[in-house]
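Student: The structure that follows is given in the form of structure tokens.
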Amino acid sequence: MYSRISRLKTFLSFKKQALIKIGLILCLSIPIFYANHFFLFHPLVLKKRVQKFKNEKPKTLQTVKGSILGDELDIHVIKMKYRGRVYLDFLSRQEDGTFHFIDSLTLKGKHDGFFEYWNEPLSLALLDDNGDGLLEVIAPTFDKFLKPQLNVIFYNKEKKKFQIKSFLKSKPKTQ
């Protein structure tokens, strides 16, 4: 009988020790969990984490220059990607060497595209598309489904801004 009582006391002491350890673990883990939750999801911390990704800098994809407006002045066209969109910036170089901003245009399509011209990949080109003597800007892109698109941009003299003249989506080949 003595051995049974002593075994029972030993068993209860182990059980008591285990319960105490589990209680300590819970008492320590709950505040740590809430502290982590507070620091990870606090509005100020979230704002800083989001701004870390928003501070993306514009990436220049390609540049070309040519007489787009019909005068002797060369216009520099810069194709850039910024915050998930593809843009064209139009700049003119002044006589003193500085650049003057003319216009900016957001292209249809979220990804930069390219085409091959004489076995050279180009993502931006100037050519006279309609034979009027003025150069148009050719800027291919891809939409969110990665379908190729061709943007043809011209300068509208009446509105004094650049506009997309034609916007061609590639059609699937049928047999």
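Chains: A, B, ... in order of the structure tokens. Residues: from 1 per chain. Ligands: from 1, in order shown.
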Find the residues near Phe154 in chain A: any atom within 12 Å, counting only C-alpha atoms, skip ones fewer than 3 places away on the same chain, and give them as an MDAnalysis selection string.

Tutor: chainID A and resid 67:70 77 88 90 103 105 126:130 132:139 151 157:167

Student: Can you write just those residues out, N, CA and C atoms, as a short mmCIF file (atom, residue, chain, number, x, y, z; two decimals), in the first residue's frame?

Tutor:
data_model
loop_
_atom_site.label_atom_id
_atom_site.label_comp_id
_atom_site.auth_asym_id
_atom_site.auth_seq_id
_atom_site.Cartn_x
_atom_site.Cartn_y
_atom_site.Cartn_z
N SER A 67 12.69 63.86 -85.79
CA SER A 67 11.86 65.03 -86.06
C SER A 67 10.40 64.60 -86.18
N ILE A 68 9.74 64.51 -85.05
CA ILE A 68 8.35 64.04 -85.00
C ILE A 68 7.36 65.16 -85.31
N LEU A 69 7.68 66.37 -84.94
CA LEU A 69 6.75 67.49 -85.09
C LEU A 69 6.77 68.11 -86.48
N GLY A 70 7.68 67.67 -87.34
CA GLY A 70 7.74 68.21 -88.70
C GLY A 70 8.72 69.35 -88.85
N VAL A 77 12.24 60.62 -77.39
CA VAL A 77 11.15 59.81 -76.87
C VAL A 77 11.76 58.78 -75.93
N LEU A 88 5.46 56.79 -72.18
CA LEU A 88 6.33 57.48 -73.12
C LEU A 88 6.43 58.93 -72.68
N PHE A 90 8.05 62.66 -73.85
CA PHE A 90 8.53 63.37 -75.02
C PHE A 90 9.23 64.63 -74.55
N ASP A 103 5.35 66.27 -73.41
CA ASP A 103 4.14 65.51 -73.11
C ASP A 103 4.52 64.15 -72.54
N LEU A 105 2.64 60.08 -72.13
CA LEU A 105 1.53 59.26 -72.59
C LEU A 105 1.64 57.88 -71.96
N LEU A 126 10.78 54.91 -84.66
CA LEU A 126 10.16 56.03 -85.36
C LEU A 126 10.07 55.68 -86.83
N LEU A 127 8.89 55.87 -87.44
CA LEU A 127 8.75 55.67 -88.88
C LEU A 127 7.53 56.43 -89.37
N ASP A 128 7.56 56.72 -90.67
CA ASP A 128 6.43 57.42 -91.29
C ASP A 128 5.41 56.37 -91.69
N ASP A 129 4.40 56.19 -90.87
CA ASP A 129 3.42 55.13 -91.04
C ASP A 129 2.44 55.40 -92.18
N ASN A 130 2.05 56.65 -92.37
CA ASN A 130 1.00 56.96 -93.34
C ASN A 130 1.48 57.77 -94.53
N ASP A 132 2.78 60.85 -94.64
CA ASP A 132 2.54 62.30 -94.59
C ASP A 132 3.81 63.11 -94.35
N GLY A 133 4.94 62.44 -94.24
CA GLY A 133 6.20 63.13 -94.02
C GLY A 133 6.55 63.32 -92.55
N LEU A 134 5.64 62.99 -91.67
CA LEU A 134 5.90 63.09 -90.23
C LEU A 134 6.14 61.70 -89.65
N LEU A 135 7.06 61.62 -88.73
CA LEU A 135 7.36 60.33 -88.10
C LEU A 135 6.35 60.02 -87.00
N GLU A 136 5.95 58.77 -86.94
CA GLU A 136 5.11 58.29 -85.86
C GLU A 136 5.96 57.41 -84.95
N VAL A 137 5.53 57.31 -83.70
CA VAL A 137 6.24 56.47 -82.73
C VAL A 137 5.57 55.11 -82.69
N ILE A 138 6.35 54.06 -82.82
CA ILE A 138 5.84 52.69 -82.73
C ILE A 138 6.34 52.12 -81.41
N ALA A 139 5.41 51.74 -80.55
CA ALA A 139 5.76 51.26 -79.21
C ALA A 139 4.96 49.99 -78.88
N ASN A 151 1.25 49.93 -80.40
CA ASN A 151 0.76 51.30 -80.22
C ASN A 151 1.45 52.20 -81.26
N LYS A 157 -1.46 68.30 -83.87
CA LYS A 157 -1.10 69.72 -83.84
C LYS A 157 -2.22 70.60 -83.30
N GLU A 158 -3.48 70.19 -83.52
CA GLU A 158 -4.61 70.99 -83.03
C GLU A 158 -4.69 70.96 -81.51
N LYS A 159 -4.52 69.79 -80.92
CA LYS A 159 -4.59 69.65 -79.46
C LYS A 159 -3.24 69.85 -78.79
N LYS A 160 -2.18 69.90 -79.61
CA LYS A 160 -0.81 70.07 -79.13
C LYS A 160 -0.42 69.02 -78.09
N LYS A 161 -0.73 67.77 -78.43
CA LYS A 161 -0.34 66.67 -77.57
C LYS A 161 -0.25 65.40 -78.40
N PHE A 162 0.43 64.41 -77.84
CA PHE A 162 0.59 63.14 -78.52
C PHE A 162 -0.62 62.25 -78.22
N GLN A 163 -1.04 61.48 -79.24
CA GLN A 163 -2.18 60.60 -79.10
C GLN A 163 -1.89 59.26 -79.75
N ILE A 164 -2.58 58.24 -79.28
CA ILE A 164 -2.45 56.92 -79.89
C ILE A 164 -3.38 56.90 -81.11
N LYS A 165 -2.76 56.74 -82.29
CA LYS A 165 -3.54 56.73 -83.54
C LYS A 165 -4.18 55.37 -83.74
N SER A 166 -3.40 54.35 -83.63
CA SER A 166 -3.96 53.02 -83.80
C SER A 166 -3.41 52.11 -82.72
N PHE A 167 -4.21 51.18 -82.37
CA PHE A 167 -3.89 50.27 -81.29
C PHE A 167 -4.25 48.88 -81.79
#

Student: Using Å and a single decimal, report how far CA of Ser104 in chain A sits from CA of Lys57 in chain A.

Tutor: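 CA of Ser104 in chain A lies at a distance of 16.6 Å from CA of Lys57 in chain A.
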
Student: Name all residues at most 8 Å from Lys110 in chain A (count only C-alpha atoms; drop same-chain ones fewer than 6 positions away) and give them as a tab-separated table (two decimals) with C-alpha atoms, in the first residue's frame.

Tutor:
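So around_35.tsv came out as:
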chain	number	residue	atom	x	y	z
A	84	GLY	CA	3.40	48.54	-63.34
A	85	ARG	CA	2.64	50.80	-66.33
A	86	VAL	CA	4.54	51.66	-69.50
A	141	THR	CA	3.50	46.35	-75.36
A	142	PHE	CA	1.91	43.26	-73.85
A	143	ASP	CA	-1.38	43.28	-71.97
A	144	LYS	CA	-1.95	41.52	-68.64

Student: Please compute the CA of Val152 in chain A-CA of Leu73 in chain A distance, one decimal, in Å.

Tutor: 20.6 Å

Student: Which residue out of A:Ser13, A:Gln149, A:Ser92, A:Asn156 has the minimum interatomic distance to Phe114 in chain A when only C-alpha atoms are used?

Tutor: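 Distance minimum relative to Phe114 in chain A lands on A:Gln149.
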
Student: How far is it from CA of Glu95 in chain A to CA of Asp74 in chain A, in Å with one decimal?

Tutor: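 CA of Asp74 in chain A lies at a distance of 11.3 Å from CA of Glu95 in chain A.
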
Student: Using only C-alpha atoms, which of A:Leu122, A:Ile25, A:Leu146, A:Leu19 sits nearest Val64 in chain A?

Tutor: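 The answer is A:Leu122, which sits nearest to Val64 in chain A.
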
Student: Looking only at the backbone, which of the residues in range 69-132 of chain A does DSSP tag as strand (DSSP E), as a compact mmCIF listing (two decimals) with all heavy atoms, in the first residue's frame?

Tutor:
# COMPACT_ATOMS: atom_id res chain seq x y z
N ILE A 75 13.02 65.50 -81.31
CA ILE A 75 12.27 65.16 -80.10
C ILE A 75 12.83 63.85 -79.57
O ILE A 75 12.96 62.87 -80.31
CB ILE A 75 10.77 65.01 -80.40
CG1 ILE A 75 10.20 66.29 -81.01
CG2 ILE A 75 10.00 64.61 -79.14
CD1 ILE A 75 10.27 67.50 -80.11
N HIS A 76 13.14 63.83 -78.29
CA HIS A 76 13.61 62.61 -77.64
C HIS A 76 12.40 61.90 -77.05
O HIS A 76 11.63 62.50 -76.29
CB HIS A 76 14.61 62.94 -76.52
CG HIS A 76 15.89 63.52 -77.03
ND1 HIS A 76 17.03 62.78 -77.11
CD2 HIS A 76 16.19 64.75 -77.50
CE1 HIS A 76 18.00 63.54 -77.60
NE2 HIS A 76 17.51 64.74 -77.85
N VAL A 77 12.24 60.62 -77.39
CA VAL A 77 11.15 59.81 -76.87
C VAL A 77 11.76 58.78 -75.93
O VAL A 77 12.67 58.05 -76.32
CB VAL A 77 10.38 59.11 -78.01
CG1 VAL A 77 9.20 58.33 -77.44
CG2 VAL A 77 9.92 60.11 -79.04
N ILE A 78 11.27 58.75 -74.71
CA ILE A 78 11.80 57.83 -73.70
C ILE A 78 10.68 56.89 -73.28
O ILE A 78 9.63 57.33 -72.82
CB ILE A 78 12.32 58.61 -72.47
CG1 ILE A 78 13.38 59.63 -72.90
CG2 ILE A 78 12.87 57.65 -71.44
CD1 ILE A 78 13.72 60.62 -71.84
N LYS A 79 10.93 55.60 -73.44
CA LYS A 79 9.96 54.59 -73.01
C LYS A 79 10.39 54.11 -71.63
O LYS A 79 11.52 53.66 -71.44
CB LYS A 79 9.94 53.42 -74.00
CG LYS A 79 8.84 52.41 -73.74
CD LYS A 79 8.85 51.34 -74.83
CE LYS A 79 7.69 50.41 -74.69
NZ LYS A 79 7.72 49.34 -75.71
N MET A 80 9.46 54.25 -70.65
CA MET A 80 9.78 53.92 -69.26
C MET A 80 8.72 53.00 -68.67
O MET A 80 7.57 53.02 -69.11
CB MET A 80 9.84 55.19 -68.41
CG MET A 80 10.90 56.15 -68.81
SD MET A 80 11.04 57.54 -67.68
CE MET A 80 9.38 58.12 -67.56
N LYS A 81 9.15 52.25 -67.68
CA LYS A 81 8.21 51.43 -66.90
C LYS A 81 8.26 51.96 -65.47
O LYS A 81 9.32 52.14 -64.90
CB LYS A 81 8.61 49.96 -66.93
CG LYS A 81 7.61 49.09 -66.21
CD LYS A 81 7.81 47.65 -66.56
CE LYS A 81 6.83 46.83 -65.77
NZ LYS A 81 5.82 46.23 -66.55
N TYR A 82 7.06 52.22 -64.93
CA TYR A 82 6.98 52.79 -63.59
C TYR A 82 5.66 52.36 -62.95
O TYR A 82 4.60 52.56 -63.54
CB TYR A 82 7.08 54.32 -63.66
CG TYR A 82 7.04 55.02 -62.34
CD1 TYR A 82 7.99 54.75 -61.36
CD2 TYR A 82 6.06 55.95 -62.07
CE1 TYR A 82 7.95 55.41 -60.15
CE2 TYR A 82 6.01 56.61 -60.85
CZ TYR A 82 6.97 56.33 -59.90
OH TYR A 82 6.93 56.97 -58.69
N ARG A 85 3.16 50.23 -65.08
CA ARG A 85 2.64 50.80 -66.33
C ARG A 85 3.80 51.18 -67.23
O ARG A 85 4.91 51.43 -66.76
CB ARG A 85 1.79 52.05 -66.07
CG ARG A 85 0.63 51.87 -65.12
CD ARG A 85 -0.43 50.93 -65.58
NE ARG A 85 -1.30 51.60 -66.50
CZ ARG A 85 -2.08 50.96 -67.35
NH1 ARG A 85 -2.08 49.66 -67.39
NH2 ARG A 85 -2.86 51.61 -68.16
N VAL A 86 3.53 51.25 -68.53
CA VAL A 86 4.54 51.66 -69.50
C VAL A 86 4.17 53.05 -70.00
O VAL A 86 3.03 53.30 -70.41
CB VAL A 86 4.62 50.65 -70.67
CG1 VAL A 86 5.67 51.08 -71.67
CG2 VAL A 86 4.94 49.25 -70.14
N TYR A 87 5.13 53.97 -69.96
CA TYR A 87 4.91 55.36 -70.33
C TYR A 87 5.86 55.78 -71.45
O TYR A 87 6.94 55.21 -71.61
CB TYR A 87 5.21 56.29 -69.14
CG TYR A 87 4.32 56.09 -67.96
CD1 TYR A 87 4.67 55.21 -66.94
CD2 TYR A 87 3.12 56.78 -67.85
CE1 TYR A 87 3.85 55.02 -65.85
CE2 TYR A 87 2.30 56.60 -66.76
CZ TYR A 87 2.68 55.73 -65.76
OH TYR A 87 1.85 55.54 -64.68
N LEU A 88 5.46 56.79 -72.18
CA LEU A 88 6.33 57.48 -73.12
C LEU A 88 6.43 58.93 -72.68
O LEU A 88 5.42 59.57 -72.43
CB LEU A 88 5.78 57.43 -74.55
CG LEU A 88 5.79 56.11 -75.27
CD1 LEU A 88 5.21 56.27 -76.67
CD2 LEU A 88 7.16 55.50 -75.33
N ASP A 89 7.65 59.41 -72.55
CA ASP A 89 7.88 60.83 -72.26
C ASP A 89 8.51 61.46 -73.50
O ASP A 89 9.40 60.87 -74.13
CB ASP A 89 8.82 61.01 -71.07
CG ASP A 89 8.08 60.91 -69.74
OD1 ASP A 89 6.84 60.89 -69.75
OD2 ASP A 89 8.76 60.83 -68.71
N PHE A 90 8.05 62.66 -73.85
CA PHE A 90 8.53 63.37 -75.02
C PHE A 90 9.23 64.63 -74.55
O PHE A 90 8.64 65.46 -73.86
CB PHE A 90 7.35 63.73 -75.94
CG PHE A 90 6.61 62.52 -76.45
CD1 PHE A 90 5.54 62.00 -75.73
CD2 PHE A 90 7.00 61.89 -77.61
CE1 PHE A 90 4.86 60.90 -76.18
CE2 PHE A 90 6.32 60.78 -78.07
CZ PHE A 90 5.25 60.28 -77.35
N LEU A 91 10.50 64.77 -74.94
CA LEU A 91 11.32 65.90 -74.52
C LEU A 91 11.97 66.54 -75.74
O LEU A 91 12.33 65.84 -76.70
CB LEU A 91 12.43 65.45 -73.56
CG LEU A 91 12.01 64.64 -72.34
CD1 LEU A 91 13.22 64.05 -71.65
CD2 LEU A 91 11.25 65.53 -71.37
N SER A 92 12.15 67.85 -75.70
CA SER A 92 12.91 68.53 -76.76
C SER A 92 14.16 69.12 -76.14
O SER A 92 14.14 69.59 -75.00
CB SER A 92 12.05 69.62 -77.41
OG SER A 92 11.78 70.63 -76.47
N ARG A 93 15.23 69.09 -76.91
CA ARG A 93 16.50 69.65 -76.42
C ARG A 93 16.59 71.10 -76.86
O ARG A 93 16.46 71.42 -78.05
CB ARG A 93 17.66 68.84 -76.95
CG ARG A 93 18.95 69.24 -76.34
CD ARG A 93 20.05 68.29 -76.73
NE ARG A 93 21.16 68.53 -75.83
CZ ARG A 93 21.88 67.60 -75.31
NH1 ARG A 93 21.64 66.35 -75.59
NH2 ARG A 93 22.88 67.89 -74.50
N PHE A 99 16.77 70.12 -71.44
CA PHE A 99 15.62 69.45 -72.03
C PHE A 99 14.33 70.12 -71.56
O PHE A 99 14.21 70.50 -70.41
CB PHE A 99 15.61 67.96 -71.64
CG PHE A 99 16.63 67.16 -72.38
CD1 PHE A 99 17.87 66.91 -71.82
CD2 PHE A 99 16.36 66.66 -73.64
CE1 PHE A 99 18.81 66.17 -72.50
CE2 PHE A 99 17.30 65.92 -74.33
CZ PHE A 99 18.53 65.68 -73.76
N HIS A 100 13.38 70.20 -72.47
CA HIS A 100 12.07 70.78 -72.18
C HIS A 100 11.03 69.67 -72.31
O HIS A 100 10.95 68.99 -73.35
CB HIS A 100 11.76 71.91 -73.17
CG HIS A 100 10.38 72.44 -73.06
ND1 HIS A 100 9.94 73.18 -71.99
CD2 HIS A 100 9.31 72.34 -73.90
CE1 HIS A 100 8.67 73.50 -72.17
NE2 HIS A 100 8.27 72.99 -73.32
N PHE A 101 10.23 69.47 -71.26
CA PHE A 101 9.20 68.44 -71.27
C PHE A 101 8.05 68.87 -72.17
O PHE A 101 7.52 69.97 -72.04
CB PHE A 101 8.70 68.20 -69.84
CG PHE A 101 7.59 67.21 -69.74
CD1 PHE A 101 7.86 65.85 -69.78
CD2 PHE A 101 6.27 67.62 -69.62
CE1 PHE A 101 6.84 64.92 -69.69
CE2 PHE A 101 5.25 66.70 -69.53
CZ PHE A 101 5.53 65.35 -69.57
N ILE A 102 7.65 67.99 -73.10
CA ILE A 102 6.55 68.29 -74.01
C ILE A 102 5.27 67.59 -73.58
O ILE A 102 4.24 68.22 -73.39
CB ILE A 102 6.90 67.88 -75.46
CG1 ILE A 102 8.10 68.66 -75.95
CG2 ILE A 102 5.72 68.11 -76.38
CD1 ILE A 102 8.61 68.22 -77.29
N ASP A 103 5.35 66.27 -73.41
CA ASP A 103 4.14 65.51 -73.11
C ASP A 103 4.52 64.15 -72.54
O ASP A 103 5.65 63.70 -72.69
CB ASP A 103 3.30 65.33 -74.39
CG ASP A 103 1.86 64.95 -74.12
OD1 ASP A 103 1.45 64.93 -72.94
OD2 ASP A 103 1.13 64.69 -75.09
N SER A 104 3.55 63.50 -71.92
CA SER A 104 3.71 62.14 -71.43
C SER A 104 2.46 61.35 -71.82
O SER A 104 1.37 61.91 -71.84
CB SER A 104 3.88 62.13 -69.91
OG SER A 104 4.11 60.82 -69.46
N LEU A 105 2.64 60.08 -72.13
CA LEU A 105 1.53 59.26 -72.59
C LEU A 105 1.64 57.88 -71.96
O LEU A 105 2.70 57.27 -71.96
CB LEU A 105 1.59 59.15 -74.12
CG LEU A 105 0.44 58.47 -74.83
CD1 LEU A 105 -0.82 59.30 -74.70
CD2 LEU A 105 0.79 58.26 -76.28
N THR A 106 0.53 57.41 -71.39
CA THR A 106 0.48 56.07 -70.83
C THR A 106 0.04 55.12 -71.94
O THR A 106 -1.00 55.32 -72.55
CB THR A 106 -0.51 55.99 -69.66
OG1 THR A 106 -0.14 56.95 -68.67
CG2 THR A 106 -0.51 54.61 -69.04
N HIS A 111 3.04 45.59 -69.89
CA HIS A 111 4.40 45.06 -69.99
C HIS A 111 5.05 45.57 -71.27
O HIS A 111 4.40 45.73 -72.30
CB HIS A 111 4.37 43.53 -70.01
CG HIS A 111 3.67 42.93 -68.83
ND1 HIS A 111 4.23 42.91 -67.57
CD2 HIS A 111 2.45 42.36 -68.71
CE1 HIS A 111 3.38 42.33 -66.73
NE2 HIS A 111 2.30 42.00 -67.39
N ASP A 112 6.35 45.76 -71.20
CA ASP A 112 7.12 46.22 -72.35
C ASP A 112 7.12 45.13 -73.42
O ASP A 112 7.25 43.95 -73.12
CB ASP A 112 8.55 46.54 -71.92
CG ASP A 112 9.38 47.07 -73.05
OD1 ASP A 112 8.82 47.72 -73.96
OD2 ASP A 112 10.61 46.84 -73.05
N PHE A 115 9.68 44.15 -81.07
CA PHE A 115 9.53 43.54 -82.38
C PHE A 115 10.90 43.46 -83.01
O PHE A 115 11.83 44.14 -82.60
CB PHE A 115 8.53 44.30 -83.25
CG PHE A 115 8.89 45.73 -83.52
CD1 PHE A 115 9.60 46.09 -84.64
CD2 PHE A 115 8.51 46.72 -82.62
CE1 PHE A 115 9.93 47.41 -84.88
CE2 PHE A 115 8.83 48.05 -82.84
CZ PHE A 115 9.55 48.39 -83.98
N GLU A 116 11.04 42.63 -84.03
CA GLU A 116 12.33 42.47 -84.69
C GLU A 116 12.33 43.28 -85.98
O GLU A 116 11.40 43.20 -86.78
CB GLU A 116 12.60 41.00 -85.00
CG GLU A 116 13.46 40.35 -83.97
CD GLU A 116 13.92 38.96 -84.37
OE1 GLU A 116 14.33 38.76 -85.53
OE2 GLU A 116 13.83 38.09 -83.51
N TYR A 117 13.39 44.04 -86.16
CA TYR A 117 13.58 44.81 -87.38
C TYR A 117 15.00 44.57 -87.84
O TYR A 117 15.95 44.95 -87.15
CB TYR A 117 13.30 46.30 -87.12
CG TYR A 117 13.40 47.15 -88.34
CD1 TYR A 117 12.40 47.13 -89.31
CD2 TYR A 117 14.48 48.00 -88.53
CE1 TYR A 117 12.48 47.91 -90.43
CE2 TYR A 117 14.56 48.79 -89.65
CZ TYR A 117 13.57 48.74 -90.60
OH TYR A 117 13.66 49.52 -91.72
N GLU A 120 17.12 42.79 -85.34
CA GLU A 120 17.41 43.56 -84.12
C GLU A 120 16.13 43.71 -83.31
O GLU A 120 15.13 44.20 -83.85
CB GLU A 120 17.96 44.95 -84.45
CG GLU A 120 19.37 44.97 -84.95
CD GLU A 120 20.37 44.67 -83.85
OE1 GLU A 120 20.16 45.09 -82.70
OE2 GLU A 120 21.37 43.99 -84.15
N PRO A 121 16.13 43.33 -82.03
CA PRO A 121 14.92 43.55 -81.22
C PRO A 121 14.79 45.02 -80.83
O PRO A 121 15.73 45.62 -80.32
CB PRO A 121 15.15 42.67 -80.00
CG PRO A 121 16.62 42.51 -79.90
CD PRO A 121 17.16 42.62 -81.29
N LEU A 122 13.64 45.60 -81.11
CA LEU A 122 13.38 47.00 -80.78
C LEU A 122 12.10 47.09 -79.95
O LEU A 122 11.13 46.40 -80.22
CB LEU A 122 13.19 47.83 -82.05
CG LEU A 122 14.37 47.95 -82.99
CD1 LEU A 122 13.94 48.66 -84.26
CD2 LEU A 122 15.50 48.71 -82.33
N ALA A 125 10.41 52.62 -81.87
CA ALA A 125 10.92 53.00 -83.18
C ALA A 125 10.16 54.21 -83.71
O ALA A 125 9.04 54.50 -83.28
CB ALA A 125 10.79 51.83 -84.16
N LEU A 126 10.78 54.91 -84.66
CA LEU A 126 10.16 56.03 -85.36
C LEU A 126 10.07 55.68 -86.83
O LEU A 126 11.05 55.24 -87.42
CB LEU A 126 10.99 57.31 -85.19
CG LEU A 126 11.16 57.85 -83.78
CD1 LEU A 126 12.10 59.04 -83.80
CD2 LEU A 126 9.83 58.26 -83.20
N LEU A 127 8.89 55.87 -87.44
CA LEU A 127 8.75 55.67 -88.88
C LEU A 127 7.53 56.43 -89.37
O LEU A 127 6.63 56.77 -88.61
CB LEU A 127 8.64 54.18 -89.24
CG LEU A 127 7.47 53.37 -88.74
CD1 LEU A 127 6.39 53.31 -89.80
CD2 LEU A 127 7.95 51.97 -88.44
